[in-house]
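Dropping data_7.txt in here (compact mmCIF, C-alpha atoms):
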# COMPACT_ATOMS: atom_id res chain seq x y z
CA MET P 1168 -126.35 -46.28 -0.82
CA LYS P 1169 -124.78 -49.58 0.28
CA LEU P 1170 -123.06 -49.37 3.66
CA PHE P 1171 -119.49 -49.68 2.37
CA GLU P 1172 -119.90 -47.03 -0.32
CA ASN P 1173 -120.08 -44.16 2.17
CA THR P 1174 -116.68 -42.59 1.51
CA GLU P 1175 -117.35 -39.58 3.76
CA VAL P 1176 -117.41 -41.91 6.79
CA ALA P 1177 -114.68 -44.16 5.39
CA PHE P 1178 -112.09 -41.41 4.98
CA LYS P 1179 -113.21 -38.90 7.60
CA LEU P 1180 -109.89 -39.17 9.45
CA LYS P 1181 -107.78 -38.50 6.36
CA SER P 1182 -106.63 -34.98 5.55
CA ASP P 1183 -106.63 -33.95 1.88
CA SER P 1184 -102.87 -34.60 1.64
CA GLU P 1185 -103.24 -38.06 3.25
CA LEU P 1186 -106.03 -38.84 0.80
CA GLU P 1187 -103.76 -37.86 -2.12
CA ARG P 1188 -100.91 -39.99 -0.75
CA ALA P 1189 -103.25 -43.01 -0.45
CA TYR P 1190 -104.45 -42.47 -4.03
CA PHE P 1191 -100.85 -42.26 -5.27
CA LEU P 1192 -99.77 -45.43 -3.40
CA PHE P 1193 -102.68 -47.57 -4.57
CA ARG P 1194 -102.11 -46.45 -8.15
CA LEU P 1195 -98.53 -47.70 -7.83
CA ILE P 1196 -99.57 -50.96 -6.15
CA GLN P 1197 -102.09 -51.63 -8.92
CA SER P 1198 -99.19 -52.15 -11.32
CA GLN P 1199 -97.42 -55.50 -10.84
CA PRO P 1200 -94.30 -54.40 -12.78
CA MET P 1201 -94.05 -51.26 -10.61
CA VAL P 1202 -94.31 -53.35 -7.42
CA LYS P 1203 -91.53 -55.66 -8.65
CA ILE P 1204 -89.28 -52.76 -9.67
CA GLY P 1205 -90.03 -50.83 -6.45
CA THR P 1206 -89.30 -53.91 -4.33
CA ALA P 1207 -85.98 -54.57 -6.06
CA VAL P 1208 -84.87 -50.92 -5.85
CA THR P 1209 -85.88 -50.65 -2.18
CA ASN P 1210 -84.08 -53.85 -1.21
CA PHE P 1211 -80.95 -52.71 -3.04
CA ALA P 1212 -81.04 -49.26 -1.43
CA LEU P 1213 -81.45 -50.69 2.08
CA LYS P 1214 -78.68 -53.29 1.61
CA ALA P 1215 -76.38 -50.59 0.21
CA HIS P 1216 -77.27 -48.38 3.22
CA LEU P 1217 -78.41 -45.56 0.97
CA PRO P 1218 -80.30 -42.76 2.80
CA VAL P 1219 -83.82 -43.83 1.73
CA GLU P 1220 -85.47 -44.48 5.09
CA GLY P 1221 -86.87 -40.94 5.26
CA LEU P 1222 -88.53 -41.35 1.85
CA ILE P 1223 -89.94 -44.77 2.80
CA ARG P 1224 -91.15 -43.38 6.12
CA SER P 1225 -93.04 -40.48 4.56
CA THR P 1226 -94.78 -42.62 1.91
CA VAL P 1227 -95.49 -46.35 2.16
CA PHE P 1228 -94.42 -46.76 5.81
CA ASP P 1229 -96.61 -44.01 7.26
CA HIS P 1230 -99.59 -45.22 5.23
CA PHE P 1231 -99.41 -48.90 6.26
CA CYS P 1232 -97.67 -48.64 9.66
CA GLY P 1233 -98.49 -46.82 12.88
CA GLY P 1234 -94.92 -45.88 13.77
CA VAL P 1235 -91.51 -47.16 14.79
CA THR P 1236 -92.39 -47.79 18.45
CA GLU P 1237 -95.56 -48.48 20.43
CA GLU P 1238 -95.50 -44.89 21.68
CA ASP P 1239 -95.27 -43.62 18.08
CA CYS P 1240 -98.51 -45.43 17.29
CA ILE P 1241 -100.58 -43.98 20.14
CA PRO P 1242 -101.67 -40.71 18.43
CA ASN P 1243 -102.98 -42.67 15.39
CA ILE P 1244 -104.63 -45.26 17.63
CA GLU P 1245 -106.38 -42.67 19.81
CA LYS P 1246 -107.47 -40.69 16.75
CA MET P 1247 -109.11 -43.76 15.18
CA TYR P 1248 -110.79 -44.66 18.46
CA THR P 1249 -112.09 -41.25 19.53
CA ALA P 1250 -113.13 -40.03 16.07
CA GLY P 1251 -114.17 -43.31 14.46
CA ASN P 1252 -114.76 -45.84 17.27
CA VAL P 1253 -112.24 -48.12 15.54
CA HIS P 1254 -109.96 -50.11 17.87
CA SER P 1255 -106.37 -51.16 17.16
CA VAL P 1256 -104.21 -54.26 17.49
CA LEU P 1257 -100.54 -53.35 17.87
CA ASP P 1258 -98.62 -55.70 15.56
CA TYR P 1259 -94.83 -55.83 16.00
CA SER P 1260 -94.06 -56.60 12.35
CA VAL P 1261 -90.35 -57.38 12.44
CA GLU P 1262 -89.79 -60.63 10.51
CA GLY P 1263 -86.99 -63.07 9.82
CA LYS P 1264 -85.04 -62.92 13.11
CA GLU P 1265 -83.70 -66.35 14.09
CA GLU P 1266 -81.63 -65.83 17.25
CA GLU P 1267 -82.62 -66.79 20.81
CA GLU P 1268 -81.92 -63.23 21.91
CA SER P 1269 -84.42 -61.84 19.39
CA PHE P 1270 -87.06 -64.38 20.49
CA ASP P 1271 -86.68 -63.32 24.13
CA SER P 1272 -86.81 -59.68 23.07
CA ALA P 1273 -90.05 -60.38 21.14
CA VAL P 1274 -91.61 -61.88 24.30
CA GLU P 1275 -90.78 -58.71 26.22
CA LYS P 1276 -92.29 -56.66 23.40
CA ILE P 1277 -95.56 -58.67 23.50
CA GLU P 1278 -95.69 -58.43 27.30
CA LYS P 1279 -95.41 -54.67 26.98
CA ILE P 1280 -98.23 -54.64 24.42
CA ILE P 1281 -100.42 -56.73 26.76
CA GLN P 1282 -99.81 -54.13 29.49
CA PHE P 1283 -100.72 -51.40 26.97
CA SER P 1284 -103.88 -53.27 26.04
CA GLU P 1285 -104.99 -53.61 29.64
CA GLU P 1286 -104.63 -49.86 30.17
CA LYS P 1287 -106.25 -48.63 26.94
CA ASP P 1288 -109.81 -49.34 25.76
CA SER P 1289 -108.62 -48.52 22.24
CA ILE P 1290 -106.33 -51.62 22.17
CA PRO P 1291 -108.47 -54.69 22.96
CA PHE P 1292 -106.05 -57.44 21.74
CA ALA P 1293 -102.37 -58.32 21.62
CA VAL P 1294 -100.87 -60.34 18.75
CA PHE P 1295 -97.72 -62.23 17.76
CA LYS P 1296 -96.42 -64.69 15.16
CA PRO P 1297 -95.16 -68.16 16.16
CA THR P 1298 -91.83 -67.52 14.40
CA GLY P 1299 -91.41 -64.47 16.61
CA PHE P 1300 -90.79 -66.94 19.47
CA GLY P 1301 -88.89 -69.75 17.74
CA ARG P 1302 -87.11 -70.90 14.60
CA PHE P 1303 -89.20 -71.72 11.53
CA ALA P 1304 -87.18 -74.89 10.85
CA LEU P 1305 -87.87 -76.15 14.37
CA TYR P 1306 -91.65 -75.87 13.92
CA GLN P 1307 -91.28 -77.59 10.56
CA LYS P 1308 -89.26 -80.49 11.98
CA ILE P 1309 -91.78 -81.06 14.78
CA GLY P 1310 -94.73 -80.82 12.38
CA GLU P 1311 -93.12 -83.44 10.14
CA GLY P 1312 -92.81 -85.80 13.11
CA LYS P 1313 -89.02 -85.98 12.99
CA GLU P 1314 -87.01 -86.80 16.09
CA LEU P 1315 -85.40 -83.80 17.77
CA THR P 1316 -81.83 -83.73 19.03
CA SER P 1317 -81.38 -83.09 22.76
CA GLU P 1318 -80.34 -79.54 21.90
CA GLU P 1319 -83.50 -79.03 19.81
CA THR P 1320 -85.66 -80.49 22.59
CA GLY P 1321 -84.30 -77.85 24.95
CA GLU P 1322 -84.87 -75.21 22.29
CA TRP P 1323 -88.52 -76.32 21.84
CA ASP P 1324 -89.02 -76.22 25.61
CA ARG P 1325 -87.91 -72.59 25.55
CA VAL P 1326 -90.36 -71.85 22.70
CA LYS P 1327 -93.22 -73.38 24.72
CA ASP P 1328 -92.16 -71.40 27.79
CA ARG P 1329 -92.33 -68.17 25.76
CA PHE P 1330 -95.86 -69.00 24.59
CA HIS P 1331 -97.00 -69.87 28.11
CA ARG P 1332 -95.38 -66.76 29.54
CA VAL P 1333 -97.35 -64.37 27.33
CA CYS P 1334 -100.59 -66.40 27.52
CA LYS P 1335 -100.41 -66.50 31.31
CA LEU P 1336 -99.97 -62.72 31.40
CA ALA P 1337 -102.81 -62.23 28.87
CA TYR P 1338 -105.04 -64.44 31.03
CA SER P 1339 -104.18 -62.54 34.22
CA LYS P 1340 -104.82 -59.17 32.52
CA ASP P 1341 -107.95 -60.42 30.68
CA VAL P 1342 -106.46 -59.36 27.33
CA PRO P 1343 -107.29 -61.70 24.38
CA LEU P 1344 -104.20 -62.80 22.47
CA LEU P 1345 -104.23 -63.40 18.70
CA ILE P 1346 -101.61 -65.82 17.36
CA ASP P 1347 -101.07 -65.44 13.62
CA ALA P 1348 -100.83 -68.36 11.18
CA GLU P 1349 -97.87 -68.86 8.87
CA GLU P 1350 -96.83 -71.27 6.11
CA SER P 1351 -98.56 -74.67 6.05
CA TRP P 1352 -95.36 -76.70 6.45
CA MET P 1353 -94.66 -75.20 9.89
CA GLN P 1354 -98.26 -74.68 11.04
CA ASP P 1355 -99.04 -78.17 12.43
CA ALA P 1356 -96.60 -77.73 15.30
CA ALA P 1357 -97.99 -74.26 16.04
CA ASP P 1358 -101.59 -75.56 15.91
CA ASP P 1359 -100.84 -78.33 18.44
CA LEU P 1360 -99.13 -75.93 20.81
CA ILE P 1361 -101.91 -73.33 20.55
CA GLU P 1362 -104.57 -75.99 21.21
CA GLU P 1363 -102.69 -76.92 24.38
CA LEU P 1364 -102.73 -73.23 25.36
CA MET P 1365 -106.48 -72.95 24.66
CA ALA P 1366 -107.12 -75.99 26.88
CA THR P 1367 -105.16 -74.26 29.65
CA TYR P 1368 -106.29 -70.62 29.41
CA ASN P 1369 -109.69 -70.74 27.66
CA LYS P 1370 -111.71 -72.54 30.34
CA GLU P 1371 -114.06 -69.60 31.08
CA LYS P 1372 -113.86 -67.75 27.75
CA ALA P 1373 -111.56 -67.30 24.74
CA ILE P 1374 -108.29 -65.61 25.70
CA VAL P 1375 -105.97 -67.47 23.30
CA PHE P 1376 -106.92 -67.21 19.59
CA ASN P 1377 -105.40 -69.30 16.80
CA THR P 1378 -105.68 -68.25 13.14
CA LEU P 1379 -107.32 -70.15 10.27
CA GLN P 1380 -106.12 -69.33 6.74
CA MET P 1381 -109.16 -70.33 4.70
CA TYR P 1382 -107.35 -70.39 1.35
CA ARG P 1383 -106.24 -73.80 2.67
CA HIS P 1384 -108.83 -76.39 1.71
CA ASP P 1385 -108.18 -78.48 4.86
CA ARG P 1386 -109.04 -75.81 7.41
CA MET P 1387 -112.78 -76.52 7.75
CA GLU P 1388 -112.03 -80.13 8.66
CA TYR P 1389 -109.47 -78.90 11.21
CA LEU P 1390 -112.02 -76.49 12.74
CA ARG P 1391 -114.66 -79.21 13.10
CA GLU P 1392 -112.21 -81.63 14.71
CA LEU P 1393 -110.90 -78.92 17.04
CA HIS P 1394 -114.49 -78.14 18.04
CA GLN P 1395 -115.05 -81.80 18.99
CA ARG P 1396 -111.90 -81.84 21.12
CA ALA P 1397 -112.83 -78.53 22.75
CA HIS P 1398 -116.23 -79.95 23.65
CA GLN P 1399 -114.65 -83.07 25.18
CA LYS P 1400 -111.98 -81.14 27.13
CA GLY P 1401 -114.21 -78.21 28.10
CA PHE P 1402 -112.49 -75.15 26.62
CA HIS P 1403 -113.60 -72.22 24.47
CA ILE P 1404 -112.27 -71.72 20.94
CA GLY P 1405 -110.88 -68.34 19.96
CA MET P 1406 -110.23 -68.06 16.23
CA LYS P 1407 -109.11 -65.34 13.88
CA VAL P 1408 -110.41 -66.31 10.43
CA VAL P 1409 -108.60 -64.89 7.39
CA ARG P 1410 -108.23 -65.84 3.75
CA GLY P 1411 -104.43 -66.08 3.93
CA ALA P 1412 -101.11 -64.39 3.31
CA TYR P 1413 -98.69 -66.85 1.64
CA MET P 1414 -100.54 -68.09 -1.43
CA GLU P 1415 -97.80 -67.64 -4.05
CA LYS P 1416 -95.18 -69.19 -1.77
CA GLU P 1417 -97.46 -72.15 -0.92
CA ARG P 1418 -98.17 -72.97 -4.55
CA ALA P 1419 -94.54 -72.58 -5.61
CA ARG P 1420 -93.30 -74.93 -2.87
CA ALA P 1421 -95.97 -77.56 -3.64
CA GLU P 1422 -94.98 -77.53 -7.31
CA GLU P 1423 -91.26 -77.64 -6.54
CA LYS P 1424 -91.57 -80.56 -4.12
CA GLY P 1425 -94.27 -82.41 -6.06
CA TYR P 1426 -97.11 -82.57 -3.55
CA PRO P 1427 -100.73 -81.38 -3.98
CA SER P 1428 -101.12 -77.67 -3.26
CA PRO P 1429 -102.87 -76.97 0.07
CA ILE P 1430 -104.48 -73.90 -1.52
CA CYS P 1431 -108.09 -73.90 -2.77
CA LYS P 1432 -108.42 -74.27 -6.55
CA ASN P 1433 -109.66 -70.69 -7.07
CA LYS P 1434 -110.83 -67.55 -5.32
CA GLN P 1435 -114.47 -68.63 -5.33
CA ALA P 1436 -113.58 -71.81 -3.45
CA THR P 1437 -111.61 -69.74 -0.94
CA ASP P 1438 -114.53 -67.35 -0.47
CA GLU P 1439 -116.92 -70.26 0.08
CA ASN P 1440 -114.50 -71.85 2.56
CA TYR P 1441 -114.16 -68.56 4.45
CA ASN P 1442 -117.91 -68.02 4.65
CA GLU P 1443 -118.45 -71.62 5.77
CA ALA P 1444 -116.01 -71.07 8.64
CA ILE P 1445 -117.71 -67.93 9.96
CA LEU P 1446 -121.12 -69.60 9.58
CA TYR P 1447 -119.91 -72.62 11.59
CA MET P 1448 -118.50 -70.42 14.34
CA MET P 1449 -121.64 -68.30 14.60
CA GLU P 1450 -123.81 -71.44 14.81
CA HIS P 1451 -121.93 -72.87 17.80
CA LYS P 1452 -121.54 -71.52 21.31
CA ASN P 1453 -118.24 -71.39 23.19
CA MET P 1454 -116.51 -69.78 20.20
CA ALA P 1455 -115.16 -66.27 19.76
CA LEU P 1456 -114.57 -64.97 16.23
CA PHE P 1457 -112.16 -62.33 14.97
CA ALA P 1458 -113.13 -62.05 11.29
CA GLY P 1459 -110.08 -60.64 9.52
CA THR P 1460 -111.40 -59.70 6.10
CA HIS P 1461 -111.23 -57.04 3.41
CA ASN P 1462 -114.10 -58.73 1.61
CA GLU P 1463 -117.38 -56.82 1.58
CA GLU P 1464 -119.62 -59.84 0.93
CA SER P 1465 -118.15 -61.77 3.86
CA SER P 1466 -118.64 -58.71 6.07
CA TYR P 1467 -122.29 -58.40 5.03
CA LEU P 1468 -122.74 -62.14 5.68
CA LEU P 1469 -121.34 -61.85 9.21
CA MET P 1470 -123.68 -58.93 9.94
CA GLN P 1471 -126.63 -61.06 8.74
CA LEU P 1472 -125.51 -64.05 10.82
CA ALA P 1473 -125.21 -61.92 13.95
CA ASP P 1474 -128.75 -60.71 13.37
CA LYS P 1475 -130.02 -64.24 12.69
CA TYR P 1476 -128.50 -65.73 15.84
CA GLY P 1477 -129.35 -62.78 18.10
CA ILE P 1478 -125.75 -61.72 18.73
CA ASP P 1479 -125.41 -58.06 19.70
CA LYS P 1480 -123.30 -55.86 17.45
CA ASN P 1481 -120.95 -55.08 20.34
CA ASP P 1482 -120.74 -58.66 21.71
CA LYS P 1483 -117.04 -59.15 22.56
CA ARG P 1484 -117.11 -62.64 21.01
CA MET P 1485 -117.43 -61.12 17.52
CA TRP P 1486 -114.94 -58.73 15.92
CA PHE P 1487 -114.27 -57.46 12.43
CA GLY P 1488 -110.62 -56.77 11.58
CA GLN P 1489 -108.78 -55.03 8.75
CA LEU P 1490 -105.21 -53.88 8.18
CA TYR P 1491 -104.17 -50.31 8.89
CA GLY P 1492 -104.05 -48.33 5.64
CA MET P 1493 -106.52 -50.62 3.86
CA SER P 1494 -110.30 -51.09 3.61
CA ASP P 1495 -111.23 -48.01 5.62
CA HIS P 1496 -114.61 -48.17 3.87
CA ILE P 1497 -115.29 -51.43 5.73
CA SER P 1498 -113.72 -50.54 9.08
CA PHE P 1499 -115.19 -47.10 9.66
CA ASN P 1500 -118.63 -47.83 8.26
CA LEU P 1501 -118.97 -50.96 10.40
CA ALA P 1502 -117.83 -49.03 13.48
CA GLU P 1503 -120.33 -46.27 12.65
CA GLU P 1504 -123.04 -48.99 12.78
CA GLY P 1505 -121.90 -50.04 16.25
CA TYR P 1506 -119.93 -53.22 15.46
CA ASN P 1507 -116.64 -54.15 17.15
CA VAL P 1508 -113.89 -53.27 14.67
CA ALA P 1509 -110.11 -53.40 15.08
CA LYS P 1510 -107.32 -52.36 12.75
CA TYR P 1511 -104.05 -54.31 12.75
CA VAL P 1512 -101.47 -51.53 13.28
CA PRO P 1513 -97.96 -52.73 12.32
CA PHE P 1514 -94.94 -51.04 13.88
CA GLY P 1515 -91.18 -51.47 14.13
CA PRO P 1516 -87.95 -49.97 12.73
CA VAL P 1517 -88.38 -48.97 9.08
CA ARG P 1518 -85.63 -51.29 7.84
CA ASP P 1519 -86.94 -54.30 9.80
CA VAL P 1520 -90.57 -53.81 8.74
CA MET P 1521 -89.79 -53.69 5.02
CA PRO P 1522 -90.35 -57.47 4.44
CA TYR P 1523 -93.87 -57.01 5.85
CA LEU P 1524 -94.55 -53.97 3.64
CA ILE P 1525 -93.24 -55.71 0.53
CA ARG P 1526 -95.52 -58.71 1.22
CA ARG P 1527 -98.48 -56.35 1.62
CA ALA P 1528 -97.77 -54.76 -1.77
CA GLU P 1529 -97.33 -58.14 -3.46
CA GLU P 1530 -100.56 -59.47 -1.91
CA ASN P 1531 -102.49 -56.46 -3.17
CA THR P 1532 -101.35 -57.03 -6.74
CA SER P 1533 -102.27 -60.73 -6.55
CA VAL P 1534 -105.78 -60.22 -5.10
CA GLU P 1535 -107.97 -59.40 -8.06
CA GLY P 1536 -110.11 -56.31 -7.57
CA GLN P 1537 -108.76 -55.31 -4.13
CA THR P 1538 -106.59 -52.40 -5.27
CA SER P 1539 -109.01 -51.16 -7.92
CA ARG P 1540 -111.79 -51.08 -5.30
CA GLU P 1541 -109.59 -48.98 -2.99
CA LEU P 1542 -108.73 -46.67 -5.88
CA ASN P 1543 -112.35 -46.18 -6.95
CA LEU P 1544 -113.39 -45.28 -3.40
CA LEU P 1545 -110.50 -42.82 -3.07
CA LYS P 1546 -111.49 -41.25 -6.42
CA THR P 1547 -115.09 -40.92 -5.20
CA GLU P 1548 -114.00 -39.20 -2.02
CA ARG P 1549 -111.65 -36.82 -3.89
CA LYS P 1550 -114.56 -35.79 -6.13
CA ARG P 1551 -116.90 -35.42 -3.16
CA ARG P 1552 -114.48 -33.09 -1.38
CA LYS P 1553 -113.93 -30.99 -4.50
CA LEU P 1554 -117.68 -30.52 -4.83

This entry written out as structure tokens:
Amino acid sequence: MKLFENTEVAFKLKSDSELERAYFLFRLIQSQPMVKIGTAVTNFALKAHLPVEGLIRSTVFDHFCGGVTEEDCIPNIEKMYTAGNVHSVLDYSVEGKEEEESFDSAVEKIEKIIQFSEEKDSIPFAVFKPTGFGRFALYQKIGEGKELTSEETGEWDRVKDRFHRVCKLAYSKDVPLLIDAEESWMQDAADDLIEELMATYNKEKAIVFNTLQMYRHDRMEYLRELHQRAHQKGFHIGMKVVRGAYMEKERARAEEKGYPSPICKNKQATDENYNEAILYMMEHKNMALFAGTHNEESSYLLMQLADKYGIDKNDKRMWFGQLYGMSDHISFNLAEEGYNVAKYVPFGPVRDVMPYLIRRAEENTSVEGQTSRELNLLKTERKRRKL
């Protein structure tokens, strides 16, 4: 049996009813029309303030999210850690807030998560999105090299202060901090700021991690150039490597505005790009890798590379990561083998987390084979339990 086909290990934490709920949800997600209809109906119900939050909570929310608050998530986190040796990354998944007050509130939320992470072995990282700390349009304007007004300059200074505030705390608590990537047209400004943070806080080891979305064909070049600068300035690179989360939006914008799409021409090119990135990082010292992937072949490759380069399974410079509610066959089987594994555990008020959940569903329908693989494994485990 191949490692990731062991469904007994993969789903050992799921009760029979949780297994049935997962099977039901992935059957729904497999259908693109159902996802579109479900998204439209849910958005309408929430905008009309219909009493649907309980239904959402008991189905899609509880499957893909840890809870409404950090404290809500703790039972799930401790269960995964004690029974499966799978760690968690608490991900405050509220999106689309654009006010200064919400940015300051997000900083306080991340600071609280860093404190949580210091206290609990089960939570080795903290994480946030750049647009959690500042306006999307501001990142975009800076990335495009446009001149800021005096008001915008003050606003950008506050964004940088928020980043430094959480990175300084993460450094003092020795808690690595993952910073997610977003759309390409705002990412340049975020990349420059995060590199500045790495140069400040990553002198001894990687505390600050940027994210590479490898469905972008320019990311290998960026990684190589960053590596040269890190070597010259004497800092460690921390990098979460993922395939990406905004493909449809990226292609649509490129077509609308008439510029070449930043996305690789096909899935094979993306897979090759992803594997090249993890190979490059494993070949070079002074790098720490968080491999965010639901891809079995890439996971096998990373295991082989670790073996080839003599990197221990539990070396803290190498982590595998998957999303909560997905790819348990990868997470729990890798952890069973002794590798460092962490689940991204989203949380937040049901209404505010819905944009995240809708994106998850849409991504699953657009990634060929992902949902059918989940369904087949769930079917296998249902049969195994009946026998």

Exercise. Counting all atoms listed in the file, which of P:Arg1332, P:His1230, P:Lys1296, P:Arg1188 gets nearest to Ile1281 in chain P?
Worked result: P:Arg1332

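Taking CA of Gly1321 in chain P and CA of Thr1367 in chain P as the two end points, the separation is 21.7 Å.
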
Give me, as a Markdown table, each residue of range 1200-1316 of chain P that comes within 9 Å of range 1490-1493 of chain P, together with its shortest interatomic pair and the distance in Å at one decimal, counting all atoms listed in the file, with rows ordered by chain and rising residue number.
| residue | atom | partner | partner_atom | distance |
| --- | --- | --- | --- | --- |
| P:Asp1229 | CA | P:Gly1492 | CA | 8.8 |
| P:His1230 | CA | P:Gly1492 | CA | 5.5 |
| P:Phe1231 | CA | P:Gly1492 | CA | 4.7 |
| P:Cys1232 | CA | P:Tyr1491 | CA | 6.8 |
| P:Gly1233 | CA | P:Tyr1491 | CA | 7.8 |
| P:Ser1255 | CA | P:Tyr1491 | CA | 8.6 |

Problem set entry | Close residues, Tyr1190 in chain P itself excluded, 9 Å, all atoms listed in the file, min 3 positions apart in chain, as a ChimeraX atom specification | /P:1185-1187,1193-1195,1541-1542,1545-1546

Wanna dump the range 1287-1306 of chain P-range 1271-1278 of chain P contacts at 8 Å for me, each residue with its shortest atom pair and the distance in Å to one decimal, counting all atoms listed in the file, ordered by chain and number, as JSON lines?
{"residue": "P:Ala1293", "atom": "CA", "partner": "P:Ile1277", "partner_atom": "CA", "distance": 7.1}
{"residue": "P:Val1294", "atom": "CA", "partner": "P:Ile1277", "partner_atom": "CA", "distance": 7.3}
{"residue": "P:Phe1295", "atom": "CA", "partner": "P:Ile1277", "partner_atom": "CA", "distance": 7.1}
{"residue": "P:Gly1299", "atom": "CA", "partner": "P:Ala1273", "partner_atom": "CA", "distance": 6.3}
{"residue": "P:Phe1300", "atom": "CA", "partner": "P:Ala1273", "partner_atom": "CA", "distance": 6.8}

Exercise. Do you know which residues lie at most 10 Å from (-113.7, -76.8, 2.5), with coordinates as in the file and only C-alpha atoms counted, and could you write them as a ChimeraX atom specification?
Worked result: /P:1381-1389,1431,1436-1444

For this session: Might you pull out every residue within 10 Å of range 1456-1469 of chain P, with all atoms listed in the file counted and same-chain residues fewer than 4 positions away left off, and present them as a VMD selection string?
Result: chain P and resid 1170 to 1171 1345 1373 1376 to 1380 1404 to 1411 1438 to 1439 1441 to 1442 1444 to 1446 1448 to 1449 1473 to 1475 1483 to 1490 1493 to 1498 1501 1507 to 1511 1537

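Among the candidate residues P:Arg1549, P:Pro1516, P:His1331, P:Leu1544, the one lying nearest to Val1261 in chain P is P:Pro1516, with distances computed using all atoms listed in the file.
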
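Reported to one decimal place, the separation of CA of Phe1228 in chain P from CA of Pro1522 in chain P is 11.5 Å.
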
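Atom to atom, CA of Asp1258 in chain P and CA of Glu1286 in chain P stand 16.8 Å apart.
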
Residue rebuild result range 1543-1554 of chain P, N, CA, C and O atoms as a PDB file, in the coordinates of the input:
ATOM      1  N   ASN P1543    -111.053 -46.758  -6.588  1.00  0.00           N
ATOM      2  CA  ASN P1543    -112.350 -46.180  -6.950  1.00  0.00           C
ATOM      3  C   ASN P1543    -112.976 -45.413  -5.786  1.00  0.00           C
ATOM      4  O   ASN P1543    -113.557 -44.343  -5.973  1.00  0.00           O
ATOM      5  N   LEU P1544    -112.846 -45.963  -4.581  1.00  0.00           N
ATOM      6  CA  LEU P1544    -113.390 -45.280  -3.400  1.00  0.00           C
ATOM      7  C   LEU P1544    -112.629 -43.995  -3.113  1.00  0.00           C
ATOM      8  O   LEU P1544    -113.224 -42.969  -2.773  1.00  0.00           O
ATOM      9  N   LEU P1545    -111.306 -44.040  -3.277  1.00  0.00           N
ATOM     10  CA  LEU P1545    -110.500 -42.820  -3.070  1.00  0.00           C
ATOM     11  C   LEU P1545    -110.854 -41.761  -4.112  1.00  0.00           C
ATOM     12  O   LEU P1545    -110.950 -40.570  -3.793  1.00  0.00           O
ATOM     13  N   LYS P1546    -111.070 -42.186  -5.367  1.00  0.00           N
ATOM     14  CA  LYS P1546    -111.490 -41.250  -6.420  1.00  0.00           C
ATOM     15  C   LYS P1546    -112.827 -40.609  -6.056  1.00  0.00           C
ATOM     16  O   LYS P1546    -113.015 -39.393  -6.213  1.00  0.00           O
ATOM     17  N   THR P1547    -113.762 -41.425  -5.594  1.00  0.00           N
ATOM     18  CA  THR P1547    -115.090 -40.920  -5.200  1.00  0.00           C
ATOM     19  C   THR P1547    -114.983 -39.873  -4.114  1.00  0.00           C
ATOM     20  O   THR P1547    -115.643 -38.821  -4.176  1.00  0.00           O
ATOM     21  N   GLU P1548    -114.137 -40.149  -3.124  1.00  0.00           N
ATOM     22  CA  GLU P1548    -114.000 -39.200  -2.020  1.00  0.00           C
ATOM     23  C   GLU P1548    -113.293 -37.908  -2.472  1.00  0.00           C
ATOM     24  O   GLU P1548    -113.650 -36.805  -2.034  1.00  0.00           O
ATOM     25  N   ARG P1549    -112.317 -38.031  -3.358  1.00  0.00           N
ATOM     26  CA  ARG P1549    -111.650 -36.820  -3.890  1.00  0.00           C
ATOM     27  C   ARG P1549    -112.666 -35.940  -4.604  1.00  0.00           C
ATOM     28  O   ARG P1549    -112.681 -34.717  -4.420  1.00  0.00           O
ATOM     29  N   LYS P1550    -113.533 -36.557  -5.423  1.00  0.00           N
ATOM     30  CA  LYS P1550    -114.560 -35.790  -6.130  1.00  0.00           C
ATOM     31  C   LYS P1550    -115.535 -35.151  -5.148  1.00  0.00           C
ATOM     32  O   LYS P1550    -115.937 -34.006  -5.297  1.00  0.00           O
ATOM     33  N   ARG P1551    -115.940 -35.934  -4.147  1.00  0.00           N
ATOM     34  CA  ARG P1551    -116.900 -35.420  -3.160  1.00  0.00           C
ATOM     35  C   ARG P1551    -116.363 -34.183  -2.454  1.00  0.00           C
ATOM     36  O   ARG P1551    -117.064 -33.189  -2.279  1.00  0.00           O
ATOM     37  N   ARG P1552    -115.066 -34.235  -2.093  1.00  0.00           N
ATOM     38  CA  ARG P1552    -114.480 -33.090  -1.380  1.00  0.00           C
ATOM     39  C   ARG P1552    -114.348 -31.872  -2.295  1.00  0.00           C
ATOM     40  O   ARG P1552    -114.506 -30.745  -1.840  1.00  0.00           O
ATOM     41  N   LYS P1553    -114.051 -32.118  -3.572  1.00  0.00           N
ATOM     42  CA  LYS P1553    -113.930 -30.990  -4.500  1.00  0.00           C
ATOM     43  C   LYS P1553    -115.283 -30.295  -4.677  1.00  0.00           C
ATOM     44  O   LYS P1553    -115.366 -29.073  -4.812  1.00  0.00           O
ATOM     45  N   LEU P1554    -116.343 -31.098  -4.694  1.00  0.00           N
ATOM     46  CA  LEU P1554    -117.680 -30.520  -4.830  1.00  0.00           C
ATOM     47  C   LEU P1554    -118.085 -29.753  -3.582  1.00  0.00           C
ATOM     48  O   LEU P1554    -118.847 -28.807  -3.631  1.00  0.00           O
TER      49      LEU P1554
END
